[in-house]
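Heads up, the thing below is written out as structure tokens.
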Amino acid sequence: MALSFFVSSWFGSDSSAEQLFALYRDTGSPAYLEKLIALHGNELYHFLAQQSDKALAEDISQQCWLKLIEQPYSFAGKSSFKTWLFSVGRNCLIDELRRRQRWQADMPETELAASTCLAQQLDTNRRQLLFSEQLQLLPFLQREALMLQLEGFSLQQISDITRQPAETIKSRLRYARQFLQQLAGGSDDNA
Amino acid sequence: MTTPEHFEQKLQQQYQHDKACHVLPQRVSSEIVRRARSVKRNNGMGLWRNTQLAMSCALLLLMGYLLQPADKKVPLYYQVVVTQGEHYKEVQQHRLSPQTEYMALSPQVDPSVVYQQYTAAQQRSTAFHYHTGLLRQQEEQWQITVCDDLLLTIDRQLLSQLNLQQHKLSDFAQQQWVEFVSNSAGRLVAIKPVSSGLYCSES
């Protein structure tokens with residue numbers, strides 16, 4: 001904990017996020033915060049931007065980091081720093097979407113399968129979409145699970161971030177992949 | 001036909017490419033850092049916490065150092081050194097000394113415990129021997145002489161632990177006849193004053 005003050009010089013530029021966080025928490029030096037933002041700021045922003053829009057992603061990103069500044073002990077080290085950061089980001093985003101009455105993802109899991117039908121309805125021209133546009137065709141929760149997995153989170157970590165059982169996450173991932181595979185198949189056919 | 005492996009690879013590539021196109025604007029990160037600097041949390045707080053930690057550690061170390069000697073007792077061992085003297089046939093030096101390599105082999109013996117064993121077995125045991133001799137105080141040690149047969153020196157530390165039969169060390173005169181008891185190992189167990197002395201023949 002406070003020992004980080006004494007050992008800060010031991011850590012080079014390859015410090016892990018947890019080490020950087022401990023150093024920032026104990027010293028309050030903005031230099032460590034800058035390194036943390038460099039390490040995970042873009043990843044969080046990308047996740048939030050895909051789940052909302054750029055303006056909201058900027059806003060939520062800022063909120064997350066400000067939470068870290070104002071309540072440095074809110075990260076207790078029970079998970080990795082990145083998992084904690086994405087959990088905070090996701091919660092802030094959903095709160096904000098609810099506040100703005102843009103939250104539409106509270107759908108039962110049984111309805112998730114229906115999204116695969118969407119791909120079949122797309123015509124040939126729409127299959128030539130950019131990846132980000134393809135992602136936007138996915139339901140919020142499927143897109144969320146897929147992005148978190150592509151971001152490198154394990155099934156358990158995704159489960160922790162979203163507070164959903166691992167089985168549910170598996171289903172979302174499967175449907176998301178099926179959908180994208182159908183789109184990809186169409187793209188390949190047209191290539 | 002797209003294989004699952006190819007699909008996964010392409011998915012990951014597309015994701016990384018997409019991520020590279022969506023980076024946190026510099027003005028946002030600058031604003032966050034600016035806010036961090038303005039908050040800069042009375043960062044004396046962090047320093048103060050570390051100072052407290054360092055001071056607590058130093059205090060604990062100091063207390064540990066100060067308390068250690070009180071707890072640490074160096075075990076003393078009964079040591080008998082037997083030599084031959086110029087004026088006596090045998091000279092025995094009885095003393096308590098800190099553990100040495102030689103003494104480490106000897107068990108630690110409390111003379112008072114041995115005396116209890118002696119009194120319990122007094123009637124039947126031949127393991128204890130008693131002799132009469134003249135006790136004298138000689139600077140830092142006491143001596144018991146048995147004619148010119150034996151000179152036995154006892155250091156003060158050992159004497160204070162011996163059973164003196166209700167007597168205090170100060171009760172003993174500078175020179176006094178005593179009966180001393182030793183066990184089978186030759187260790188002194190008790191000393192008591194006696195009124196009658198020993199007749200030593202001229203040798």
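By convention here, the chains of the structure tokens are called A, B, ... in the order presented, each chain's residues are numbered starting at 1, and ligands are numbered starting at 1 in the order presented.
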
What residues in chain B have any atom no more than 10 Å from chain A when counting only C-alpha atoms, and can you write them as an NGL selection string? :B and (1-4 or 7-8 or 10-25 or 27-54)

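Counting only C-alpha atoms, the residue from B:His6, B:Lys89, B:His131, B:Arg95 that sits nearest to Asp148 in chain B is B:Lys89.
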
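Of the residues under consideration (A:Gln142, A:Ser74, A:Ser159, A:Ser154), A:Gln142 shows the shortest atom-to-atom contact distance to Arg172 in chain A when counting only C-alpha atoms.
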
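Taking CA of Gln156 in chain A and CA of Leu85 in chain A as the two end points, the separation is 15.5 Å.
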
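You can rank B:Leu96, B:Leu66, B:Leu59, B:Leu134 by their closest distance to Gln175 in chain B using only C-alpha atoms, and at the top of that list sits B:Leu134.
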
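Interatomic distance, CA of Pro165 in chain A to CA of Glu144 in chain A: 14.3 Å.
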
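Interatomic distance, CA of Glu90 in chain B against CA of Ser170 in chain B: 27.6 Å.
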
Which neighbours of Leu151 in chain B fall inside 7 Å, counting only C-alpha atoms, when residues of the same chain fewer than 6 positions from it are skipped, and could you give them as a VMD selection string? chain B and resid 88 90 to 92 143 to 145

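Shortest separation to Ser80 in chain A among A:Ile158, A:Leu141, A:Ala17, A:Leu48 occurs at residue A:Ala17, atoms counted being only C-alpha atoms.
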
Please run DSSP on the backbone and report, as a VMD selection string, all residues within range 39-79 of chain A that come out as helix (DSSP H, G or I). chain A and resid 39 to 51 54 to 70 72 to 74

Atoms to include: N, CA, C and O atoms. Write the selected residues as a short mmCIF file (atom, residue, chain, number, x, y, z; two decimals), in the first residue's frame.
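This is the output file part14.cif:
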data_model
loop_
_atom_site.label_atom_id
_atom_site.label_comp_id
_atom_site.auth_asym_id
_atom_site.auth_seq_id
_atom_site.Cartn_x
_atom_site.Cartn_y
_atom_site.Cartn_z
N LEU A 39 -2.63 3.67 -20.78
CA LEU A 39 -2.70 2.20 -20.80
C LEU A 39 -4.11 1.71 -21.16
O LEU A 39 -4.27 0.79 -21.96
N HIS A 40 -5.12 2.30 -20.57
CA HIS A 40 -6.48 1.77 -20.74
C HIS A 40 -7.52 2.79 -21.21
O HIS A 40 -8.68 2.42 -21.42
N GLY A 41 -7.10 4.03 -21.35
CA GLY A 41 -8.07 5.07 -21.72
C GLY A 41 -8.72 4.82 -23.07
O GLY A 41 -9.94 4.94 -23.21
N ASN A 42 -7.91 4.45 -24.06
CA ASN A 42 -8.46 4.23 -25.40
C ASN A 42 -9.37 3.02 -25.45
O ASN A 42 -10.40 3.03 -26.13
N GLU A 43 -9.00 1.97 -24.72
CA GLU A 43 -9.80 0.75 -24.71
C GLU A 43 -11.19 1.01 -24.13
O GLU A 43 -12.21 0.58 -24.67
N LEU A 44 -11.19 1.75 -23.02
CA LEU A 44 -12.47 2.06 -22.39
C LEU A 44 -13.32 2.94 -23.30
O LEU A 44 -14.52 2.70 -23.49
N TYR A 45 -12.65 3.92 -23.87
CA TYR A 45 -13.37 4.86 -24.74
C TYR A 45 -13.97 4.12 -25.95
O TYR A 45 -15.13 4.35 -26.31
N HIS A 46 -13.20 3.23 -26.53
CA HIS A 46 -13.68 2.48 -27.69
C HIS A 46 -14.91 1.65 -27.33
O HIS A 46 -15.91 1.62 -28.06
N PHE A 47 -14.82 0.99 -26.18
CA PHE A 47 -15.95 0.18 -25.71
C PHE A 47 -17.20 1.05 -25.54
O PHE A 47 -18.29 0.71 -26.01
N LEU A 48 -17.00 2.17 -24.89
CA LEU A 48 -18.15 3.06 -24.61
C LEU A 48 -18.69 3.66 -25.91
O LEU A 48 -19.91 3.81 -26.07
N ALA A 49 -17.78 4.00 -26.82
CA ALA A 49 -18.21 4.62 -28.07
C ALA A 49 -19.03 3.63 -28.90
O ALA A 49 -20.02 4.02 -29.53
N GLN A 50 -18.64 2.37 -28.90
CA GLN A 50 -19.40 1.38 -29.66
C GLN A 50 -20.75 1.11 -29.01
O GLN A 50 -21.71 0.72 -29.68
N GLN A 51 -20.82 1.33 -27.71
CA GLN A 51 -22.08 1.07 -27.00
C GLN A 51 -22.98 2.29 -26.93
O GLN A 51 -24.12 2.19 -26.46
N LYS A 54 -19.93 8.95 -29.64
CA LYS A 54 -18.66 9.55 -29.26
C LYS A 54 -18.80 10.54 -28.11
O LYS A 54 -18.00 10.55 -27.17
N ALA A 55 -19.83 11.35 -28.20
CA ALA A 55 -20.00 12.39 -27.18
C ALA A 55 -20.24 11.77 -25.80
O ALA A 55 -19.62 12.17 -24.80
N LEU A 56 -21.12 10.76 -25.82
CA LEU A 56 -21.41 10.12 -24.54
C LEU A 56 -20.19 9.34 -24.04
O LEU A 56 -19.90 9.31 -22.84
N ALA A 57 -19.47 8.71 -24.96
CA ALA A 57 -18.27 7.96 -24.58
C ALA A 57 -17.24 8.89 -23.94
O ALA A 57 -16.60 8.52 -22.95
N GLU A 58 -17.10 10.08 -24.50
CA GLU A 58 -16.16 11.05 -23.91
C GLU A 58 -16.61 11.42 -22.49
O GLU A 58 -15.80 11.47 -21.56
N ASP A 59 -17.90 11.66 -22.40
CA ASP A 59 -18.46 12.08 -21.11
C ASP A 59 -18.29 10.98 -20.05
O ASP A 59 -17.83 11.24 -18.93
N ILE A 60 -18.63 9.74 -20.45
CA ILE A 60 -18.55 8.63 -19.49
C ILE A 60 -17.08 8.33 -19.15
O ILE A 60 -16.75 8.05 -17.99
N SER A 61 -16.22 8.39 -20.15
CA SER A 61 -14.79 8.17 -19.89
C SER A 61 -14.31 9.14 -18.82
O SER A 61 -13.64 8.76 -17.85
N GLN A 62 -14.68 10.39 -19.01
CA GLN A 62 -14.26 11.42 -18.06
C GLN A 62 -14.80 11.13 -16.66
O GLN A 62 -14.08 11.25 -15.66
N GLN A 63 -16.06 10.71 -16.62
CA GLN A 63 -16.67 10.38 -15.32
C GLN A 63 -15.91 9.26 -14.61
O GLN A 63 -15.69 9.31 -13.40
N CYS A 64 -15.54 8.24 -15.38
CA CYS A 64 -14.82 7.10 -14.80
C CYS A 64 -13.50 7.53 -14.18
O CYS A 64 -13.18 7.18 -13.05
N TRP A 65 -12.76 8.29 -14.96
CA TRP A 65 -11.44 8.71 -14.46
C TRP A 65 -11.57 9.70 -13.30
O TRP A 65 -10.76 9.68 -12.38
N LEU A 66 -12.61 10.51 -13.36
CA LEU A 66 -12.80 11.45 -12.24
C LEU A 66 -13.17 10.70 -10.97
O LEU A 66 -12.80 11.10 -9.86
N LYS A 67 -13.90 9.60 -11.15
CA LYS A 67 -14.24 8.80 -9.98
C LYS A 67 -12.96 8.27 -9.32
O LYS A 67 -12.82 8.25 -8.10
N LEU A 68 -12.04 7.89 -10.18
CA LEU A 68 -10.76 7.39 -9.68
C LEU A 68 -9.98 8.49 -8.96
O LEU A 68 -9.34 8.26 -7.93
N ILE A 69 -10.09 9.70 -9.49
CA ILE A 69 -9.37 10.82 -8.88
C ILE A 69 -9.98 11.19 -7.52
O ILE A 69 -9.27 11.39 -6.54
N GLU A 70 -11.32 11.23 -7.52
CA GLU A 70 -11.98 11.70 -6.30
C GLU A 70 -12.14 10.61 -5.24
O GLU A 70 -12.18 10.90 -4.05
N PRO A 72 -10.14 7.49 -4.78
CA PRO A 72 -9.09 6.54 -5.18
C PRO A 72 -9.20 5.19 -4.50
O PRO A 72 -8.63 4.22 -4.97
N TYR A 73 -9.90 5.12 -3.40
CA TYR A 73 -10.01 3.83 -2.72
C TYR A 73 -11.22 3.02 -3.19
O TYR A 73 -11.54 1.98 -2.62
N SER A 74 -11.90 3.52 -4.23
CA SER A 74 -13.05 2.76 -4.74
C SER A 74 -12.58 1.49 -5.46
O SER A 74 -13.33 0.54 -5.60
#
